[in-house]
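Take a look at the structure below.
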Amino acid sequence: MTNDMLKDALNDIAERARPVDGIAEQALRAATRRRRFIGTGVAVGAVAAIAAPVAFFTQASAPDGDATTRTRIVADGSDPATGEGLPADTTAGRAAVKACMNGDPAMPPEFRDDAKRRQGSAPNEAGTRARDFRLLAEHRVPTGRIVFLGSSLAHRTCVLDRSGRASQLDRLPRQTANRWQFDIGYGLRNIKGPVSIQDAGGGLIAYGTAPYELHVAGLVRPEVARLVIRFGRERPVTATISNGFFVGGMVVPFETGTTLIEKSVDVTAYNRAGKVVFTHRRPGVPPGTSG
Amino acid sequence: MNREARESFTEFVAARSGGLIRLAYVLTNDQHAAEDLLQSALTKTAIRWRNVRDNPEAYVRRVMYNEQIDRWKRRKRETALAIALPEQVSGDHSGEVDLRLSLEQALLALPPGKRAVLVLRYFEDLPEGEVAQIMGCSVGTVRSQVHKALARLRELAPALAAHLEPAGG
């Protein structure tokens, strides 16, 4: 009785589904563009846990470890559209956002729910629009820059060439933004451990056998002075840390990228004394397995 | 992905998207969310096509379940607040119809994690061992999850209590 009743009821619910058109093409486009998401924003391997909110003052270090500048996060509630914990808007930041955002970003359903819940209003509100995004951090690569953009609700990365033009696939309309992921009680200005990886992955930067981009982006606590990322057995990359955000990555030839995307990714953070305060390894994916 | 792979992927989606969107719908109870869930799963499948093309449907299903359960975990607190079922469902005098509607509403009011385990067991008709594999837990956990899900159904729709047996095989 139970089985039949449940089966029938579940079948009745399933019957309400409407067929979808063009979903294969959409999936192929998304797969080509991006993004094998390999980090879910959970602070892993935290060496120290501080429960109290942290003031987000940090040293911004260039990839080669030279010049540092002291920067400050916008104070709480200073600008509702900017959102708590985001850096102030700048001309360079606006240019990067404009180059990368072709329309408001596409939002997964939970975004819309969040926006409604937080604001009690229509989904296209603060945090979900292109103009709410700020330049959080940028990492120089030989072909240009990998930029990490974010709003109070979401983030995404984008590849710019030397003239500041977004890559072909980054310019596609309504790119998907990833929702910030935190454990309950944590947020942009209060991450659980020294490092919170929010986005790690990569993909083609243009159609065809174009170069591949690989990146890791997220947040760091002030004690993190240096963060090193290693894709497979490639040369380690020192990420750029800025305002408590970081991004590091590389642009590699197509063949290298398609191999590296399956390989392990190691993230190691150091404090100013050079002591390791965080390590995280995303294991490689053996051929023939699903992940 | 080369041309041949794109073609085989497109053929697979054309052949199976009908069944997959039904599954996505029963997991999400929302057309838009179902499309998002399916597209996300298909995107992952396209990325891994070389490795999963022998049995892509199993992979898509597993991704959908895992994603839905992940979403549920992330939104646990909100979901718990969202469960509110009317005491009486309809004015229909047919007891059977009322029961059916009660059951549907109770199923839709279940948290996605609990609904997922029932979908796997009763909609997909999978044995407990396979459910455990998909959910990444032990058979014992599957049994207890099914038991809890049925208990929650009984709470949500007391009229069903007499009809919903404890989980067995």
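In the structure tokens, chains take the letters A, B, ... in the order shown, each chain's residues start at 1, and ligands count up from 1 in the order shown.
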
Cut-off 7 Å: closest chain B/chain A atom pairs per residue, using only C-alpha atoms, as a Markdown table:
| residue | atom | partner | partner_atom | distance |
| --- | --- | --- | --- | --- |
| B:Thr10 | CA | A:Ala24 | CA | 5.6 |
| B:Val13 | CA | A:Ala24 | CA | 5.9 |
| B:Gly18 | CA | A:Pro19 | CA | 6.0 |
| B:Ile21 | CA | A:Ala17 | CA | 6.5 |
| B:Arg22 | CA | A:Ala14 | CA | 4.7 |
| B:Leu23 | CA | A:Ala14 | CA | 6.5 |
| B:Tyr25 | CA | A:Ala17 | CA | 5.7 |
| B:Val26 | CA | A:Ala14 | CA | 5.0 |
| B:Gln31 | CA | A:Ala17 | CA | 6.2 |
| B:Ala33 | CA | A:Pro109 | CA | 5.9 |
| B:Asp36 | CA | A:Pro108 | CA | 6.9 |
| B:Gln39 | CA | A:Ala27 | CA | 5.7 |
| B:Leu42 | CA | A:Ala27 | CA | 5.7 |
| B:Thr43 | CA | A:Ala27 | CA | 4.4 |
| B:Lys44 | CA | A:Ala31 | CA | 6.9 |
| B:Ala46 | CA | A:Ala31 | CA | 6.1 |
| B:Ile47 | CA | A:Ala31 | CA | 5.6 |
| B:Asn51 | CA | A:Gly288 | CA | 4.6 |
| B:Val52 | CA | A:Ser290 | CA | 6.9 |
| B:Arg100 | CA | A:Ala9 | CA | 6.7 |
| B:Leu103 | CA | A:Ala9 | CA | 6.8 |
| B:Glu104 | CA | A:Ala9 | CA | 5.6 |
| B:Tyr122 | CA | A:Lys7 | CA | 5.3 |
| B:Phe123 | CA | A:Lys7 | CA | 5.3 |
| B:His163 | CA | A:Thr2 | CA | 6.5 |
| B:Leu164 | CA | A:Thr2 | CA | 5.1 |
| B:Glu165 | CA | A:Thr2 | CA | 5.8 |

Contacts of range 150-158 of chain B at 7 Å (only C-alpha atoms; same-chain gap of 4+ positions) as a PyMOL selection string:
chain B and resi 85+102-103+106-107+146

May I have the selected residues written with N, CA and C atoms, as a compact mmCIF listing (two decimals), in the first residue's frame?
# COMPACT_ATOMS: atom_id res chain seq x y z
N LEU B 85 1.55 23.08 6.27
CA LEU B 85 0.55 22.40 5.47
C LEU B 85 -0.84 22.65 6.03
N SER B 102 -3.74 14.89 -0.08
CA SER B 102 -3.01 15.07 1.17
C SER B 102 -1.58 14.56 1.02
N LEU B 103 -1.48 13.40 0.40
CA LEU B 103 -0.15 12.80 0.25
C LEU B 103 0.73 13.68 -0.64
N ALA B 106 1.77 16.71 1.26
CA ALA B 106 2.74 16.36 2.30
C ALA B 106 4.10 16.08 1.67
N LEU B 107 4.10 15.41 0.52
CA LEU B 107 5.37 15.14 -0.17
C LEU B 107 6.06 16.44 -0.57
N VAL B 146 14.45 6.89 5.28
CA VAL B 146 13.12 6.57 4.74
C VAL B 146 12.11 6.55 5.88

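In this comparison, which uses only C-alpha atoms, the residue of A:Thr143, A:Gln198, A:Asn102, A:Thr176 approaching Gly218 in chain A most closely is A:Gln198.
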
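Proximity of B:Leu108, B:Glu7, B:Arg62, B:Ala159 to Val131 in chain B, computed with only C-alpha atoms, is greatest for B:Arg62.
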
Selection: 12 Å around Glu67 in chain B, only C-alpha atoms, excl. self and same-chain fewer than 2 positions, as JSON, numbers by chain
{"A": [40, 291], "B": [24, 27, 28, 33, 34, 36, 37, 38, 39, 40, 41, 42, 44, 60, 61, 62, 63, 64, 65, 69, 70, 71, 72, 73, 74, 112, 113, 116, 134, 135]}
